[in-house]
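Listing of target-v7.cif; format and content: mmCIF, C-alpha atoms and all ligand atoms.
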data_upload
loop_
_atom_site.label_atom_id
_atom_site.label_comp_id
_atom_site.auth_asym_id
_atom_site.auth_seq_id
_atom_site.Cartn_x
_atom_site.Cartn_y
_atom_site.Cartn_z
CA MET U 10 -14.54 -15.84 71.04
CA GLU U 11 -15.97 -18.81 69.19
CA THR U 12 -14.38 -20.43 66.15
CA LEU U 13 -16.87 -21.30 63.43
CA SER U 14 -16.84 -23.03 60.08
CA LEU U 15 -17.21 -20.63 57.19
CA ALA U 16 -20.75 -21.93 56.51
CA ASP U 17 -21.79 -21.30 60.15
CA ALA U 18 -20.19 -17.87 60.10
CA ILE U 19 -22.12 -16.88 56.97
CA GLU U 20 -25.31 -18.04 58.67
CA ARG U 21 -24.48 -15.79 61.66
CA ILE U 22 -23.76 -12.82 59.39
CA ARG U 23 -27.06 -13.32 57.57
CA ASN U 24 -29.15 -13.95 60.67
CA PRO U 25 -27.44 -12.28 63.61
CA LYS U 26 -28.81 -13.20 67.00
CA PRO U 27 -29.08 -10.68 69.85
CA ASN U 28 -26.06 -10.83 72.17
CA GLN U 29 -24.20 -13.33 70.04
CA LYS U 30 -20.60 -14.03 70.94
CA PRO U 31 -17.85 -12.72 68.69
CA PHE U 32 -16.59 -15.37 66.32
CA ALA U 33 -13.53 -16.10 64.21
CA VAL U 34 -13.05 -18.21 61.08
CA PHE U 35 -9.68 -19.70 60.14
CA THR U 36 -8.79 -19.94 56.47
CA LEU U 37 -5.65 -21.10 54.65
CA ASP U 38 -4.91 -20.28 51.01
CA ASP U 39 -3.33 -22.26 48.15
CA GLY U 40 -3.29 -25.83 49.54
CA TYR U 41 0.27 -26.43 50.72
CA LYS U 42 1.43 -29.65 52.33
CA ASP U 43 2.19 -27.84 55.59
CA ASN U 44 -1.58 -27.27 55.99
CA LEU U 45 -1.93 -31.03 56.30
CA ASN U 46 1.31 -31.78 58.16
CA TYR U 47 1.31 -28.93 60.68
CA GLY U 48 -2.03 -27.13 60.47
CA GLN U 49 -4.52 -29.95 60.60
CA PRO U 50 -3.18 -31.59 63.81
CA ILE U 51 -3.44 -28.23 65.59
CA PHE U 52 -6.98 -27.52 64.34
CA GLU U 53 -7.96 -31.05 65.36
CA LYS U 54 -6.48 -30.67 68.84
CA LEU U 55 -8.36 -27.39 69.34
CA ASN U 56 -11.53 -28.69 67.64
CA CYS U 57 -11.33 -25.61 65.46
CA PRO U 58 -13.02 -25.54 62.04
CA TYR U 59 -10.93 -24.34 59.10
CA THR U 60 -11.23 -23.74 55.35
CA VAL U 61 -8.53 -24.41 52.77
CA PHE U 62 -8.77 -22.56 49.44
CA VAL U 63 -7.31 -24.66 46.65
CA ALA U 64 -6.04 -23.63 43.19
CA PRO U 65 -6.11 -26.75 40.96
CA LYS U 66 -3.02 -25.76 38.93
CA ILE U 67 -1.04 -25.57 42.17
CA VAL U 68 -2.23 -29.08 43.02
CA ASP U 69 -1.21 -30.24 39.54
CA ALA U 70 2.22 -28.56 40.01
CA SER U 71 1.71 -26.44 36.90
CA CYS U 72 1.31 -23.11 38.71
CA GLU U 73 4.53 -21.09 38.82
CA LEU U 74 4.28 -19.91 42.45
CA TRP U 75 6.33 -16.98 41.13
CA TRP U 76 6.72 -15.17 44.47
CA ARG U 77 8.24 -18.21 46.11
CA ALA U 78 10.40 -18.96 43.04
CA LEU U 79 11.70 -15.38 43.05
CA GLU U 80 12.58 -15.67 46.73
CA LYS U 81 14.46 -18.95 46.09
CA ILE U 82 16.30 -17.50 43.09
CA ILE U 83 17.43 -14.48 45.12
CA SER U 84 18.45 -16.59 48.10
CA SER U 85 20.54 -19.07 46.12
CA ASN U 86 22.38 -16.77 43.67
CA SER U 87 24.99 -14.03 44.00
CA GLN U 88 24.10 -11.95 40.93
CA PHE U 89 20.74 -11.06 39.39
CA SER U 90 20.58 -9.78 35.82
CA SER U 91 17.35 -9.52 33.92
CA THR U 92 14.90 -7.25 32.18
CA ILE U 93 11.46 -7.26 33.75
CA ASP U 94 8.61 -5.53 31.94
CA GLY U 95 11.04 -3.26 30.08
CA VAL U 96 13.24 -2.39 33.10
CA ARG U 97 16.83 -3.67 33.28
CA TYR U 98 18.10 -4.98 36.62
CA ASP U 99 21.73 -5.83 37.38
CA LEU U 100 21.93 -6.53 41.08
CA ASP U 101 24.69 -7.81 43.29
CA ILE U 102 22.89 -10.21 45.65
CA ARG U 103 25.69 -11.74 47.71
CA SER U 104 24.96 -10.40 51.18
CA GLU U 105 21.77 -10.70 53.19
CA VAL U 106 21.25 -6.93 52.97
CA GLN U 107 21.64 -7.06 49.18
CA LYS U 108 19.22 -9.98 48.94
CA LYS U 109 16.65 -8.14 51.01
CA HIS U 110 17.07 -5.05 48.85
CA ALA U 111 16.69 -7.14 45.67
CA TRP U 112 13.49 -8.68 47.05
CA ASN U 113 12.12 -5.24 47.93
CA VAL U 114 12.81 -4.06 44.37
CA LEU U 115 11.90 -7.16 42.36
CA PHE U 116 8.84 -8.47 44.20
CA PRO U 117 6.70 -5.31 43.70
CA LYS U 118 7.93 -5.05 40.11
CA LEU U 119 6.92 -8.62 39.28
CA ALA U 120 3.67 -8.28 41.25
CA ALA U 121 2.76 -5.24 39.12
CA THR U 122 3.65 -6.92 35.81
CA PRO U 123 0.53 -8.00 33.86
CA GLU U 124 -0.42 -11.54 34.86
CA TYR U 125 0.51 -13.46 31.71
CA ASP U 126 3.81 -11.53 31.21
CA GLN U 127 4.65 -12.06 34.85
CA ARG U 128 4.43 -15.84 34.40
CA LYS U 129 6.52 -15.67 31.20
CA THR U 130 9.15 -13.69 33.12
CA ILE U 131 9.38 -16.17 35.98
CA HIS U 132 9.80 -19.00 33.45
CA GLU U 133 12.71 -17.09 31.87
CA LEU U 134 14.28 -16.43 35.28
CA ALA U 135 13.77 -20.03 36.34
CA SER U 136 15.52 -21.39 33.28
CA ARG U 137 18.37 -18.86 33.57
CA TYR U 138 18.94 -19.60 37.25
CA ASN U 139 18.29 -23.33 37.01
CA PHE U 140 15.22 -23.37 39.19
CA ASP U 141 12.74 -26.15 38.48
CA LEU U 142 9.29 -24.57 38.86
CA VAL U 143 7.40 -27.85 38.48
CA GLU U 144 9.52 -29.79 40.96
CA TYR U 145 9.32 -26.94 43.44
CA CYS U 146 5.54 -26.69 43.19
CA LYS U 147 5.26 -30.46 43.53
CA SER U 148 7.41 -30.37 46.67
CA VAL U 149 5.21 -27.87 48.52
CA ALA U 150 1.64 -28.45 47.23
CA MET U 151 -0.82 -31.03 48.48
CA THR U 152 -1.80 -33.72 45.97
CA TRP U 153 -5.48 -34.41 45.27
CA ASP U 154 -5.20 -37.54 47.44
CA GLU U 155 -3.91 -35.40 50.31
CA ILE U 156 -6.69 -32.85 49.81
CA ARG U 157 -9.28 -35.65 49.78
CA LYS U 158 -7.74 -37.00 52.99
CA MET U 159 -7.87 -33.57 54.60
CA ASN U 160 -11.46 -33.11 53.47
CA GLU U 161 -12.49 -36.27 55.36
CA ASP U 162 -11.90 -34.23 58.52
CA PRO U 163 -15.32 -32.90 59.59
CA LEU U 164 -13.63 -29.64 60.67
CA CYS U 165 -12.36 -29.04 57.12
CA THR U 166 -14.06 -27.06 54.33
CA ILE U 167 -12.46 -26.86 50.89
CA GLY U 168 -12.98 -23.72 48.80
CA ALA U 169 -11.89 -22.54 45.35
CA HIS U 170 -9.00 -20.12 44.68
CA THR U 171 -8.92 -19.82 40.82
CA MET U 172 -7.14 -22.29 38.55
CA ASN U 173 -3.82 -20.45 38.15
CA HIS U 174 -3.64 -18.15 41.15
CA TYR U 175 -4.10 -14.98 39.10
CA ALA U 176 -5.00 -11.55 40.43
CA VAL U 177 -8.41 -11.69 38.74
CA ALA U 178 -8.94 -7.90 38.61
CA LYS U 179 -6.04 -7.78 36.14
CA LEU U 180 -7.70 -10.29 33.77
CA SER U 181 -10.47 -9.72 31.23
CA ALA U 182 -13.97 -10.43 32.53
CA ALA U 183 -14.07 -13.62 30.45
CA ASP U 184 -10.76 -14.88 31.86
CA CYS U 185 -11.82 -13.99 35.39
CA LEU U 186 -15.08 -15.90 34.94
CA TYR U 187 -13.16 -18.90 33.60
CA GLU U 188 -10.73 -18.90 36.55
CA LEU U 189 -13.52 -18.86 39.12
CA GLU U 190 -15.91 -21.25 37.43
CA GLU U 191 -13.35 -23.78 36.23
CA SER U 192 -11.59 -23.97 39.61
CA ARG U 193 -14.89 -24.77 41.28
CA ARG U 194 -15.78 -27.35 38.64
CA CYS U 195 -12.36 -29.00 38.89
CA ILE U 196 -12.42 -29.25 42.71
CA GLU U 197 -16.01 -30.53 42.68
CA ARG U 198 -14.97 -33.25 40.23
CA GLU U 199 -11.95 -34.25 42.35
CA LEU U 200 -13.81 -34.26 45.68
CA GLY U 201 -17.23 -35.40 44.49
CA GLU U 202 -19.02 -32.66 46.42
CA LYS U 203 -20.32 -29.11 45.97
CA ILE U 204 -17.98 -26.16 46.57
CA HIS U 205 -19.64 -23.04 48.00
CA PHE U 206 -16.80 -20.68 48.90
CA PHE U 207 -14.10 -18.77 47.05
CA ALA U 208 -11.03 -16.69 47.97
CA TYR U 209 -9.47 -14.17 45.57
CA PRO U 210 -5.72 -14.84 45.11
CA TYR U 211 -3.64 -12.07 46.76
CA GLY U 212 -7.05 -10.61 47.55
CA ASP U 213 -6.13 -6.95 48.06
CA GLU U 214 -7.64 -3.97 46.21
CA PRO U 215 -5.50 -4.24 43.03
CA ALA U 216 -6.13 -8.02 42.85
CA ALA U 217 -9.91 -8.15 43.26
CA GLY U 218 -12.54 -5.45 42.78
CA PRO U 219 -16.27 -4.83 42.32
CA ARG U 220 -16.39 -6.45 38.85
CA ASP U 221 -14.93 -9.64 40.32
CA PHE U 222 -17.29 -9.58 43.32
CA GLN U 223 -20.16 -9.44 40.82
CA ILE U 224 -18.77 -12.38 38.84
CA ALA U 225 -18.43 -14.45 42.01
CA ASN U 226 -22.00 -13.51 42.89
CA ASP U 227 -23.31 -14.41 39.41
CA LEU U 228 -21.58 -17.79 39.68
CA GLY U 229 -23.55 -18.46 42.86
CA PHE U 230 -20.75 -18.68 45.40
CA THR U 231 -22.23 -18.43 48.90
CA ALA U 232 -19.39 -16.14 49.96
CA SER U 233 -15.98 -14.99 48.75
CA LEU U 234 -13.04 -13.74 50.76
CA THR U 235 -10.62 -10.93 49.99
CA THR U 236 -7.54 -9.94 51.98
CA ARG U 237 -8.87 -6.40 52.43
CA LYS U 238 -8.05 -5.83 56.06
CA GLY U 239 -10.93 -5.72 58.46
CA VAL U 240 -13.29 -7.56 60.77
CA VAL U 241 -16.79 -8.69 59.83
CA PHE U 242 -19.89 -6.64 60.66
CA GLU U 243 -23.61 -7.27 60.14
CA LYS U 244 -23.46 -4.99 57.10
CA HIS U 245 -21.31 -7.60 55.37
CA GLY U 246 -24.49 -9.65 54.98
CA LYS U 247 -25.08 -7.52 51.89
CA HIS U 248 -21.47 -7.90 50.69
CA LEU U 249 -20.79 -11.60 51.05
CA GLN U 250 -18.61 -11.69 47.91
CA ALA U 251 -16.12 -9.25 49.43
CA LEU U 252 -15.52 -10.37 53.02
CA PRO U 253 -12.44 -8.90 54.71
CA ARG U 254 -9.73 -10.92 56.41
CA ILE U 255 -6.83 -10.39 58.78
CA MET U 256 -3.57 -12.03 57.79
CA VAL U 257 -1.85 -14.04 60.47
CA SER U 258 1.65 -15.21 59.65
CA GLY U 259 4.84 -15.75 61.57
CA ARG U 260 6.65 -13.53 59.12
CA TYR U 261 4.61 -10.42 59.78
CA GLN U 262 2.93 -10.79 63.14
CA LYS U 263 3.83 -11.65 66.67
CA ILE U 264 1.25 -13.53 68.71
CA ARG U 265 0.62 -10.53 70.99
CA TYR U 266 -0.56 -8.47 68.00
CA ILE U 267 -3.37 -10.88 67.23
CA ASP U 268 -5.58 -9.85 70.16
CA ALA U 269 -5.32 -6.24 69.05
CA LEU U 270 -6.08 -7.10 65.44
CA ILE U 271 -9.20 -9.14 66.17
CA SER U 272 -10.52 -6.33 68.36
CA GLY U 273 -11.06 -4.51 65.06
CA ALA U 274 -9.44 -1.31 66.33
CA PRO U 275 -6.39 -1.17 64.00
CA THR U 276 -8.44 -2.06 60.91
CA ALA U 277 -11.17 0.44 61.88
CA LEU U 278 -8.51 3.16 61.82
CA LEU U 279 -7.18 1.86 58.52
CA ASN U 280 -10.66 1.84 56.97
CA ARG U 281 -11.43 5.27 58.47
CA PHE U 282 -14.20 3.70 60.52
CA LYS U 283 -16.07 2.57 57.45
CA GLN U 284 -17.23 -0.95 58.33
CA VAL U 285 -17.50 -2.13 54.74
CA ASN U 286 -14.82 -1.61 52.08
CA VAL U 287 -16.03 -3.00 48.76
CA SER U 288 -15.33 -0.30 46.18
ZN ZN U 301 -3.32 -17.69 47.37
#

Could you show the structure in this file as structure tokens?
Ligand SMILES: [Zn+2]
Amino acid sequence: METLSLADAIERIRNPKPNQKPFAVFTLDDGYKDNLNYGQPIFEKLNCPYTVFVAPKIVDASCELWWRALEKIISSNSQFSSTIDGVRYDLDIRSEVQKKHAWNVLFPKLAATPEYDQRKTIHELASRYNFDLVEYCKSVAMTWDEIRKMNEDPLCTIGAHTMNHYAVAKLSAADCLYELEESRRCIERELGEKIHFFAYPYGDEPAAGPRDFQIANDLGFTASLTTRKGVVFEKHGKHLQALPRIMVSGRYQKIRYIDALISGAPTALLNRFKQVNVS
């Protein structure tokens, strides 16, 4: 297995060579400081190319990071009372079991709330539970100087990830276009170089669909990445705005699962042996 930069991988997908080795591409979303502090030294040691997808409003600390804020609010309070998208919740969240239950109830609810209302709701929760969204975002996100520093690494590619980290399929076409185009423009201005790649925030079926793949294509991105689960096949050469990925995270996967996942067998089952899932 070879590790390639995203640009080299796209070249391989477009012009496959006979008997080419399998390859993997590492990507990291959002642009957190731990990418620089923990990720980069490891990629450097292994001489492994990587791509970081950056959302400018996260860098500017004006993105709510609502899923992390919700987790923090649940973990540091003993009672949760609020109305979310018309549904009243009064939850005792003292014990670990209760906190886990609250997360399992509230996270999907907030995830399914329309994008702009969802952000309004997390602002209300943050002010009620004394959680400083701006300070929190600032504490975990890379600054532009840190992103520029990371980008000096020849192994690093920076890509765009919308301005506000919205699930673009839930936005109007005009708002989706704005999020993609403006994030690219903003990163290009900050880094002084062209940006060719994009990743859809959240990236699963409800978060990014065919309309959004078309918008990314019309904007001239070389390739865009979803989180639809799967491995890459030659056929993806015709679907470069909807490339699949496999999520690797300590929270969900043990290291021994990774070999199985990159074999493509579990995701082939999941996709019912259809190599390309773009509808
Ligand atoms: Zn993201």

Exercise. Would you work out the distance separating atom CA of Ile22 of chain U from atom CA of Tyr59 of chain U, expressed in Å to one decimal?
Key: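 According to the coordinates, atom CA of Ile22 of chain U and atom CA of Tyr59 of chain U are separated by 17.2 Å.
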
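Compared by their closest atoms to ligand ZN 301 (chain U), and using all atoms listed in the file, the residues U:Glu133, U:Asp69, U:Asp39, U:Glu11 rank with U:Asp39 nearest.
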
Quiz prompt | Residue nearest Lys244 of chain U among U:Asp268, U:Lys179, U:Asp184, U:Asn286 (counting only C-alpha atoms) | solution =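 When distances to Lys244 of chain U are compared using only C-alpha atoms, the smallest one comes from U:Asn286.
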
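Comparing the minimum interatomic distances between His132 of chain U and each of U:Glu105, U:Asp213, U:Glu199, U:Glu73, counting all atoms listed in the file, we find that U:Glu73 sits nearest.
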
Exercise. Would you mind reading off the distance between atom CA of Ala232 of chain U and atom CA of Ala16 of chain U, one decimal, in Å?
Key: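 Rounded to one decimal, the two atoms are 8.8 Å apart.
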
Practice problem: Return the single residue from U:Thr171, U:Thr130, U:Ser14, U:Asn28 that is closest to Ala78 of chain U, with distances computed using all atoms listed in the file. | Solution: U:Thr130

Which polymer residues, whether protein, DNA or RNA, lie within 10 Å of the coordinate (-17.7, -21.4, 42.0) when you count all atoms listed in the file? List them as a PDB file with C-alpha atoms, in the coordinates of the input, using the chain letters and numbers from the file.
ATOM      1  CA  GLY U 168     -12.980 -23.720  48.800  1.00  0.00           C
ATOM      2  CA  ALA U 169     -11.890 -22.540  45.350  1.00  0.00           C
ATOM      3  CA  HIS U 170      -9.000 -20.120  44.680  1.00  0.00           C
ATOM      4  CA  THR U 171      -8.920 -19.820  40.820  1.00  0.00           C
ATOM      5  CA  LEU U 186     -15.080 -15.900  34.940  1.00  0.00           C
ATOM      6  CA  TYR U 187     -13.160 -18.900  33.600  1.00  0.00           C
ATOM      7  CA  GLU U 188     -10.730 -18.900  36.550  1.00  0.00           C
ATOM      8  CA  LEU U 189     -13.520 -18.860  39.120  1.00  0.00           C
ATOM      9  CA  GLU U 190     -15.910 -21.250  37.430  1.00  0.00           C
ATOM     10  CA  GLU U 191     -13.350 -23.780  36.230  1.00  0.00           C
ATOM     11  CA  SER U 192     -11.590 -23.970  39.610  1.00  0.00           C
ATOM     12  CA  ARG U 193     -14.890 -24.770  41.280  1.00  0.00           C
ATOM     13  CA  ARG U 194     -15.780 -27.350  38.640  1.00  0.00           C
ATOM     14  CA  CYS U 195     -12.360 -29.000  38.890  1.00  0.00           C
ATOM     15  CA  ILE U 196     -12.420 -29.250  42.710  1.00  0.00           C
ATOM     16  CA  GLU U 197     -16.010 -30.530  42.680  1.00  0.00           C
ATOM     17  CA  LYS U 203     -20.320 -29.110  45.970  1.00  0.00           C
ATOM     18  CA  ILE U 204     -17.980 -26.160  46.570  1.00  0.00           C
ATOM     19  CA  HIS U 205     -19.640 -23.040  48.000  1.00  0.00           C
ATOM     20  CA  PHE U 206     -16.800 -20.680  48.900  1.00  0.00           C
ATOM     21  CA  PHE U 207     -14.100 -18.770  47.050  1.00  0.00           C
ATOM     22  CA  ILE U 224     -18.770 -12.380  38.840  1.00  0.00           C
ATOM     23  CA  ALA U 225     -18.430 -14.450  42.010  1.00  0.00           C
ATOM     24  CA  ASN U 226     -22.000 -13.510  42.890  1.00  0.00           C
ATOM     25  CA  ASP U 227     -23.310 -14.410  39.410  1.00  0.00           C
ATOM     26  CA  LEU U 228     -21.580 -17.790  39.680  1.00  0.00           C
ATOM     27  CA  GLY U 229     -23.550 -18.460  42.860  1.00  0.00           C
ATOM     28  CA  PHE U 230     -20.750 -18.680  45.400  1.00  0.00           C
ATOM     29  CA  THR U 231     -22.230 -18.430  48.900  1.00  0.00           C
ATOM     30  CA  ALA U 232     -19.390 -16.140  49.960  1.00  0.00           C
ATOM     31  CA  SER U 233     -15.980 -14.990  48.750  1.00  0.00           C
TER      32      SER U 233
END

Quiz item: Which value, in Å to one decimal, gives the distance between atom CA of Thr166 of chain U and atom CA of Tyr211 of chain U?
Solution: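 Between atom CA of Thr166 of chain U and atom CA of Tyr211 of chain U the gap is 19.8 Å.
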
Self-check item: Exercise answer, 9 Å around ligand ZN 301 (chain U) with all atoms listed in the file, as number ranges by chain
Solution: U: 37-40, 62-64, 170-171, 174-175, 208-212

For segment 223-247 of chain U, where the input has fewer atoms than it should, I would like N, CA and C atoms rebuilt and written as a short mmCIF file (atom, residue, chain, number, x, y, z; two decimals), keeping the file's coordinate frame.
data_model
loop_
_atom_site.label_atom_id
_atom_site.label_comp_id
_atom_site.auth_asym_id
_atom_site.auth_seq_id
_atom_site.Cartn_x
_atom_site.Cartn_y
_atom_site.Cartn_z
N GLN U 223 -18.92 -9.18 41.57
CA GLN U 223 -20.16 -9.44 40.82
C GLN U 223 -20.09 -10.79 40.11
N ILE U 224 -18.93 -11.09 39.53
CA ILE U 224 -18.77 -12.38 38.84
C ILE U 224 -18.93 -13.54 39.83
N ALA U 225 -18.31 -13.40 40.99
CA ALA U 225 -18.43 -14.45 42.01
C ALA U 225 -19.90 -14.62 42.42
N ASN U 226 -20.59 -13.48 42.52
CA ASN U 226 -22.00 -13.51 42.89
C ASN U 226 -22.84 -14.20 41.79
N ASP U 227 -22.57 -13.82 40.53
CA ASP U 227 -23.31 -14.41 39.41
C ASP U 227 -23.08 -15.91 39.33
N LEU U 228 -21.88 -16.36 39.73
CA LEU U 228 -21.58 -17.79 39.68
C LEU U 228 -22.23 -18.55 40.85
N GLY U 229 -22.81 -17.81 41.78
CA GLY U 229 -23.55 -18.46 42.86
C GLY U 229 -22.71 -18.91 44.04
N PHE U 230 -21.50 -18.35 44.18
CA PHE U 230 -20.75 -18.68 45.40
C PHE U 230 -21.53 -18.14 46.61
N THR U 231 -21.55 -18.89 47.69
CA THR U 231 -22.23 -18.43 48.90
C THR U 231 -21.52 -17.22 49.47
N ALA U 232 -20.19 -17.27 49.48
CA ALA U 232 -19.39 -16.14 49.96
C ALA U 232 -17.99 -16.23 49.38
N SER U 233 -17.34 -15.05 49.27
CA SER U 233 -15.98 -14.99 48.75
C SER U 233 -15.16 -14.07 49.64
N LEU U 234 -13.88 -14.44 49.81
CA LEU U 234 -13.04 -13.74 50.76
C LEU U 234 -11.92 -12.98 50.06
N THR U 235 -11.74 -11.74 50.47
CA THR U 235 -10.62 -10.93 49.99
C THR U 235 -9.52 -11.00 51.05
N THR U 236 -8.47 -10.17 50.87
CA THR U 236 -7.54 -9.94 51.98
C THR U 236 -7.59 -8.45 52.36
N ARG U 237 -8.67 -7.75 51.92
CA ARG U 237 -8.87 -6.40 52.43
C ARG U 237 -8.94 -6.51 53.94
N LYS U 238 -8.20 -5.64 54.62
CA LYS U 238 -8.05 -5.83 56.06
C LYS U 238 -9.29 -5.33 56.80
N GLY U 239 -9.79 -6.16 57.69
CA GLY U 239 -10.93 -5.72 58.46
C GLY U 239 -11.57 -6.87 59.20
N VAL U 240 -12.50 -6.54 60.09
CA VAL U 240 -13.29 -7.56 60.77
C VAL U 240 -14.71 -7.50 60.19
N VAL U 241 -15.48 -8.56 60.46
CA VAL U 241 -16.79 -8.69 59.83
C VAL U 241 -17.87 -8.03 60.68
N PHE U 242 -18.74 -7.27 60.01
CA PHE U 242 -19.89 -6.64 60.66
C PHE U 242 -21.18 -7.17 60.03
N GLU U 243 -22.31 -6.86 60.69
CA GLU U 243 -23.61 -7.27 60.14
C GLU U 243 -23.81 -6.80 58.70
N LYS U 244 -23.31 -5.57 58.44
CA LYS U 244 -23.46 -4.99 57.10
C LYS U 244 -22.87 -5.88 56.01
N HIS U 245 -21.91 -6.73 56.38
CA HIS U 245 -21.31 -7.60 55.37
C HIS U 245 -22.30 -8.62 54.82
N GLY U 246 -23.44 -8.78 55.50
CA GLY U 246 -24.49 -9.65 54.98
C GLY U 246 -24.91 -9.26 53.57
N LYS U 247 -24.73 -7.99 53.24
CA LYS U 247 -25.08 -7.52 51.89
C LYS U 247 -23.86 -7.52 50.96
#
